[in-house]
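Participant: Sharing data.pdb here; it has PDB, C-alpha atoms.
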ATOM      1  CA  MET Z 399       2.789 -12.373  15.858
ATOM      2  CA  LYS Z 400       6.476 -12.567  14.858
ATOM      3  CA  LYS Z 401       7.442 -13.474  18.435
ATOM      4  CA  LYS Z 402       4.974 -16.412  18.421
ATOM      5  CA  SER Z 403       6.331 -17.667  15.084
ATOM      6  CA  LEU Z 404       9.919 -17.372  16.274
ATOM      7  CA  LEU Z 405       9.061 -19.148  19.543
ATOM      8  CA  PHE Z 406       7.288 -21.908  17.576
ATOM      9  CA  ILE Z 407      10.353 -22.386  15.331
ATOM     10  CA  VAL Z 408      12.778 -22.467  18.282
ATOM     11  CA  VAL Z 409      10.636 -24.916  20.282
ATOM     12  CA  GLY Z 410      10.131 -27.085  17.189
ATOM     13  CA  GLY Z 411      13.872 -27.125  16.551
ATOM     14  CA  VAL Z 412      14.647 -28.130  20.138
ATOM     15  CA  VAL Z 413      12.032 -30.921  20.009
ATOM     16  CA  PHE Z 414      13.498 -32.142  16.701
ATOM     17  CA  LEU Z 415      17.032 -32.214  18.160
ATOM     18  CA  ILE Z 416      15.860 -34.145  21.230
ATOM     19  CA  ILE Z 417      13.992 -36.686  19.114
ATOM     20  CA  PHE Z 418      16.962 -37.025  16.752
ATOM     21  CA  TYR Z 419      19.425 -37.525  19.618
ATOM     22  CA  LEU Z 420      17.289 -40.096  21.432
ATOM     23  CA  GLY Z 421      16.169 -41.905  18.295
ATOM     24  CA  VAL Z 422      19.263 -41.896  16.108
ATOM     25  CA  GLY Z 423      22.211 -40.263  17.821
ATOM     26  CA  ASN Z 424      22.023 -42.501  20.909
ATOM     27  CA  ARG Z 425      21.150 -45.709  19.094
ATOM     28  CA  GLY Z 426      23.088 -48.798  20.162
ATOM     29  CA  ILE Z 427      26.409 -49.480  18.498
ATOM     30  CA  THR Z 428      27.048 -52.771  16.745
ATOM     31  CA  ILE Z 429      30.368 -54.447  16.056
ATOM     32  CA  LYS Z 430      31.727 -55.003  12.547
ATOM     33  CA  GLU Z 431      31.917 -58.777  12.769
ATOM     34  CA  THR Z 432      31.287 -61.702  15.059
ATOM     35  CA  THR Z 433      34.465 -62.482  16.987
ATOM     36  CA  THR Z 434      35.656 -65.848  18.306
ATOM     37  CA  ARG Z 435      38.856 -66.182  20.297
ATOM     38  CA  SER Z 436      40.593 -68.820  22.408
ATOM     39  CA  LYS Z 437      43.342 -68.322  24.966
ATOM     40  CA  GLU Z 438      45.231 -71.277  26.391
ATOM     41  CA  VAL Z 439      46.884 -71.320  29.805
ATOM     42  CA  GLY Z 440      48.272 -74.646  30.996
ATOM     43  CA  ASP Z 441      45.611 -77.363  30.613
ATOM     44  CA  PHE Z 442      42.762 -74.869  30.135
ATOM     45  CA  ILE Z 443      41.400 -72.902  27.203
ATOM     46  CA  LEU Z 444      39.184 -69.845  27.616
ATOM     47  CA  HIS Z 445      36.759 -69.672  24.675
ATOM     48  CA  ILE Z 446      35.155 -66.321  23.822
ATOM     49  CA  HIS Z 447      32.444 -65.496  21.309
ATOM     50  CA  ILE Z 448      31.146 -61.930  20.733
ATOM     51  CA  ALA Z 449      28.139 -61.270  18.493
ATOM     52  CA  ASN Z 450      25.593 -58.585  17.691
ATOM     53  CA  VAL Z 451      22.111 -59.154  19.098
ATOM     54  CA  GLU Z 452      19.059 -56.928  19.086
ATOM     55  CA  GLU Z 453      19.744 -55.769  22.667
ATOM     56  CA  GLY Z 454      23.401 -54.887  21.961
ATOM     57  CA  ILE Z 455      26.495 -57.089  22.017
ATOM     58  CA  LYS Z 456      26.280 -60.574  23.514
ATOM     59  CA  VAL Z 457      29.362 -62.200  24.970
ATOM     60  CA  PHE Z 458      29.581 -65.971  25.451
ATOM     61  CA  SER Z 459      32.440 -67.596  27.342
ATOM     62  CA  SER Z 460      33.424 -71.100  28.401
ATOM     63  CA  LEU Z 461      36.347 -72.999  29.844
ATOM     64  CA  GLN Z 462      37.741 -76.190  28.325
ATOM     65  CA  TYR Z 463      39.974 -78.702  30.113
ATOM     66  CA  THR Z 464      42.618 -80.369  27.924
ATOM     67  CA  GLY Z 465      44.706 -82.166  30.544
ATOM     68  CA  GLU Z 466      44.761 -85.835  31.477
ATOM     69  CA  GLY Z 467      42.456 -87.436  34.004
ATOM     70  CA  THR Z 468      39.752 -85.616  35.946
ATOM     71  CA  VAL Z 469      40.170 -82.353  37.889
ATOM     72  CA  GLU Z 470      37.976 -80.394  40.244
ATOM     73  CA  VAL Z 471      37.612 -76.734  39.316
ATOM     74  CA  GLU Z 472      36.638 -74.435  42.188
ATOM     75  CA  HIS Z 473      35.574 -70.863  41.422
ATOM     76  CA  LEU Z 474      33.611 -67.849  42.552
ATOM     77  CA  ASN Z 475      30.726 -66.661  40.378
ATOM     78  CA  PRO Z 476      30.923 -65.882  37.549
ATOM     79  CA  LEU Z 477      33.534 -68.304  36.237
ATOM     80  CA  VAL Z 478      34.488 -65.699  33.609
ATOM     81  CA  SER Z 479      34.060 -62.051  34.512
ATOM     82  CA  VAL Z 480      33.569 -59.705  31.549
ATOM     83  CA  VAL Z 481      33.700 -55.923  31.928
ATOM     84  CA  LEU Z 482      33.526 -53.019  29.524
ATOM     85  CA  GLY Z 483      36.214 -50.358  29.674
ATOM     86  CA  ASP Z 484      37.714 -49.553  33.067
ATOM     87  CA  GLU Z 485      35.094 -51.313  35.201
ATOM     88  CA  GLU Z 486      36.320 -53.614  37.968
ATOM     89  CA  HIS Z 487      35.841 -57.385  37.811
ATOM     90  CA  GLN Z 488      33.316 -58.400  40.456
ATOM     91  CA  TYR Z 489      32.727 -61.858  41.873
ATOM     92  CA  GLU Z 490      30.089 -63.188  44.257
ATOM     93  CA  ASN Z 491      31.208 -65.072  47.348
ATOM     94  CA  ASP Z 492      29.395 -68.279  46.373
ATOM     95  CA  ILE Z 493      31.814 -71.083  45.525
ATOM     96  CA  THR Z 494      31.026 -73.513  42.707
ATOM     97  CA  ILE Z 495      32.837 -76.806  42.228
ATOM     98  CA  LYS Z 496      32.795 -78.613  38.877
ATOM     99  CA  GLN Z 497      34.551 -81.814  37.806
ATOM    100  CA  LEU Z 498      36.088 -81.764  34.347
ATOM    101  CA  SER Z 499      37.647 -84.528  32.289
ATOM    102  CA  ASN Z 500      39.797 -84.239  29.170
ATOM    103  CA  GLY Z 501      37.954 -82.302  26.463
ATOM    104  CA  ASN Z 502      35.061 -81.143  28.703
ATOM    105  CA  ILE Z 503      33.810 -77.634  28.024
ATOM    106  CA  TYR Z 504      32.277 -75.862  31.005
ATOM    107  CA  HIS Z 505      29.511 -73.368  30.224
ATOM    108  CA  HIS Z 506      28.739 -71.718  33.540
ATOM    109  CA  PRO Z 507      25.116 -70.431  33.737
ATOM    110  CA  ASN Z 508      26.417 -66.853  34.219
ATOM    111  CA  SER Z 509      28.786 -67.065  31.242
ATOM    112  CA  ASN Z 510      26.583 -65.055  28.838
ATOM    113  CA  LYS Z 511      26.374 -61.293  29.160
ATOM    114  CA  VAL Z 512      24.785 -58.563  27.030
ATOM    115  CA  PHE Z 513      26.310 -55.103  26.759
ATOM    116  CA  ARG Z 514      24.262 -52.174  25.469
ATOM    117  CA  MET Z 515      26.810 -49.874  23.888
ATOM    118  CA  VAL Z 516      26.154 -46.298  22.849
ATOM    119  CA  LYS Z 517      28.226 -43.722  21.015
ATOM    120  CA  ASP Z 518      30.627 -42.905  23.879
ATOM    121  CA  SER Z 519      31.018 -46.462  25.231
ATOM    122  CA  PRO Z 520      34.552 -47.751  25.693
ATOM    123  CA  CYS Z 521      35.400 -50.252  22.977
ATOM    124  CA  LYS Z 522      37.450 -52.683  25.067
ATOM    125  CA  LEU Z 523      36.149 -55.806  26.770
ATOM    126  CA  TYR Z 524      38.229 -57.356  29.527
ATOM    127  CA  PHE Z 525      37.838 -61.051  30.358
ATOM    128  CA  GLN Z 526      39.078 -62.762  33.501
ATOM    129  CA  ALA Z 527      38.628 -66.453  34.290
ATOM    130  CA  LYS Z 528      39.702 -67.036  37.878
ATOM    131  CA  PHE Z 529      39.587 -70.511  39.449
ATOM    132  CA  LYS Z 530      41.484 -73.061  41.532
ATOM    133  CA  VAL Z 531      42.615 -76.583  40.658
ATOM    134  CA  ASN Z 532      44.333 -78.648  43.395
ATOM    135  CA  ASN Z 533      44.557 -75.456  45.521
ATOM    136  CA  GLU Z 534      46.526 -73.731  42.743
ATOM    137  CA  GLU Z 535      44.946 -70.476  41.581
ATOM    138  CA  ILE Z 536      44.773 -70.036  37.813
ATOM    139  CA  THR Z 537      43.868 -66.751  36.138
ATOM    140  CA  ILE Z 538      43.293 -66.297  32.419
ATOM    141  CA  ASP Z 539      43.092 -62.653  31.290
ATOM    142  CA  HIS Z 540      42.150 -61.457  27.824
ATOM    143  CA  LYS Z 541      41.455 -58.031  26.302
ATOM    144  CA  GLU Z 542      39.347 -57.654  23.167
ATOM    145  CA  ILE Z 543      39.174 -54.365  21.266
ATOM    146  CA  LEU Z 544      35.812 -54.023  19.558
ATOM    147  CA  GLN Z 545      35.538 -52.534  16.074
ATOM    148  CA  ALA Z 546      32.252 -50.598  15.922
ATOM    149  CA  LEU Z 547      30.353 -49.985  12.702
TER     150      LEU Z 547
END
What does the file become when written as structure tokens?
Facilitator:
Amino acid sequence: MKKKSLLFIVVGGVVFLIIFYLGVGNRGITIKETTTRSKEVGDFILHIHIANVEEGIKVFSSLQYTGEGTVEVEHLNPLVSVVLGDEEHQYENDITIKQLSNGNIYHHPNSNKVFRMVKDSPCKLYFQAKFKVNNEEITIDHKEILQAL
């Protein structure tokens, strides 16, 4: 009888720990505050917005042209690659061409990304906008350190 009670307590404890870990201990991490940043390189500004959403952390990015006249921006997809931690930036081979005039803000369809972060997730996002204008390659890099709650 004592062996059955002890076994019941041990099994119950293990089940409790599993439920606790999956339900609370591995719950998604949220950031302390919504973050908005801009980084200017030449005639272009990379705009970044990071916010908490139910699914995790949502990252929005866009590119603004501030130069004179109209330019043709040629890029692989996505326009802005966003990775968490030490992941590699990856681009598809499809080329997109977009004309921009002074003040235009380009929101590429793949410019929104959701990250589901858990307890051991790296807390650094790396942004890379890589494109060509008049056959000149332009790269805008940015690192954002996330402050988790």
Participant: Got a sec to resolve the PyMOL selection byres ((chain Z and resi 483) around 12) on this structure and send the residues as a VMD selection string?
Facilitator: chain Z and resid 480 to 482 484 to 487 513 515 518 to 525 541 to 544
Participant: Take the point (25.5, -52.6, 25.3) in the file's coordinates, draw a sphere of radius 8 Å around it, and report as an NGL selection string every protein, DNA or RNA residue with an atom inside or on it, counting only C-alpha atoms.
Facilitator: :Z and (426-427 or 453-455 or 512-516)
Participant: Can you list what the PyMOL selection byres ((chain Z and resi 503) around 7) grabs from this structure, as a list in words?
Facilitator: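 So the PyMOL selection byres ((chain Z and resi 503) around 7), applied here, picks out Ser460, Leu461, Gln462, Tyr463, Gly501, Asn502, Tyr504 and His505 of chain Z.
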Participant: May I have the residues from that selection written out with C-alpha atoms, as a PDB file, in the coordinates of the input?
Facilitator:
ATOM      1  CA  SER Z 460      33.424 -71.100  28.401  1.00  0.00           C
ATOM      2  CA  LEU Z 461      36.347 -72.999  29.844  1.00  0.00           C
ATOM      3  CA  GLN Z 462      37.741 -76.190  28.325  1.00  0.00           C
ATOM      4  CA  TYR Z 463      39.974 -78.702  30.113  1.00  0.00           C
ATOM      5  CA  GLY Z 501      37.954 -82.302  26.463  1.00  0.00           C
ATOM      6  CA  ASN Z 502      35.061 -81.143  28.703  1.00  0.00           C
ATOM      7  CA  TYR Z 504      32.277 -75.862  31.005  1.00  0.00           C
ATOM      8  CA  HIS Z 505      29.511 -73.368  30.224  1.00  0.00           C
TER       9      HIS Z 505
END
Participant: I'd like the interatomic distance between atom CA of Z:Phe442 and atom CA of Z:Leu498, to a tenth of an Å.
Facilitator: 10.5 Å
Participant: Residues within 7 Å of Z:Arg435, please, as a compact mmCIF listing (two decimals) with C-alpha atoms, keeping the file's coordinate frame. Count all atoms listed in the file; anything in the same chain fewer than 5 positions from it doesn't count.
Facilitator:
# COMPACT_ATOMS: atom_id res chain seq x y z
CA HIS Z 445 36.76 -69.67 24.68
CA ILE Z 446 35.16 -66.32 23.82
CA HIS Z 447 32.44 -65.50 21.31
Participant: Which residues fall under the PyMOL selection byres ((chain Z and resi 510) around 7) in this file, as a count of residues only?
Facilitator: 8
Participant: Could you list, as JSON, numbers by chain, every residue within 10 Å of stretch 469-474 of chain Z, counting all atoms listed in the file and ignoring same-chain residues fewer than 2 positions away?
Facilitator: {"Z": [463, 465, 466, 467, 476, 477, 478, 479, 488, 489, 490, 491, 492, 493, 494, 495, 496, 497, 498, 499, 500, 504, 527, 528, 529, 530, 531, 532, 533, 534, 535, 536]}
Participant: Check the smallest atom-to-atom distance from each of Z:Asn475, Z:Thr468, Z:Gln545, Z:Thr537 to Z:Glu438 using all atoms listed in the file, then report the winner.
Facilitator: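 Closest candidate: Z:Thr537.
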Participant: Considering only C-alpha atoms, state which residue in the set Z:Lys430, Z:His506, Z:His540, Z:Lys437 is at the smallest distance from Z:Gln526.
Facilitator: Z:His540
Participant: Rounded to one decimal place, report the atom CA of Z:Ile429-atom CA of Z:Pro507 distance in Å.
Facilitator: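 Here the two named atoms are 24.4 Å from each other.
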Participant: May I ask for the distance between atom CA of Z:Glu452 and atom CA of Z:Leu547, given in Å to one decimal place?
Facilitator: 14.7 Å
Participant: Rank Z:Ala546, Z:Ile538, Z:Ile448, Z:Ile443 by their smallest atom-to-atom distance to Z:Thr428, using all atoms listed in the file, and report the top residue only.
Facilitator: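 Residue with the minimum atom-to-atom distance to Z:Thr428: Z:Ala546.
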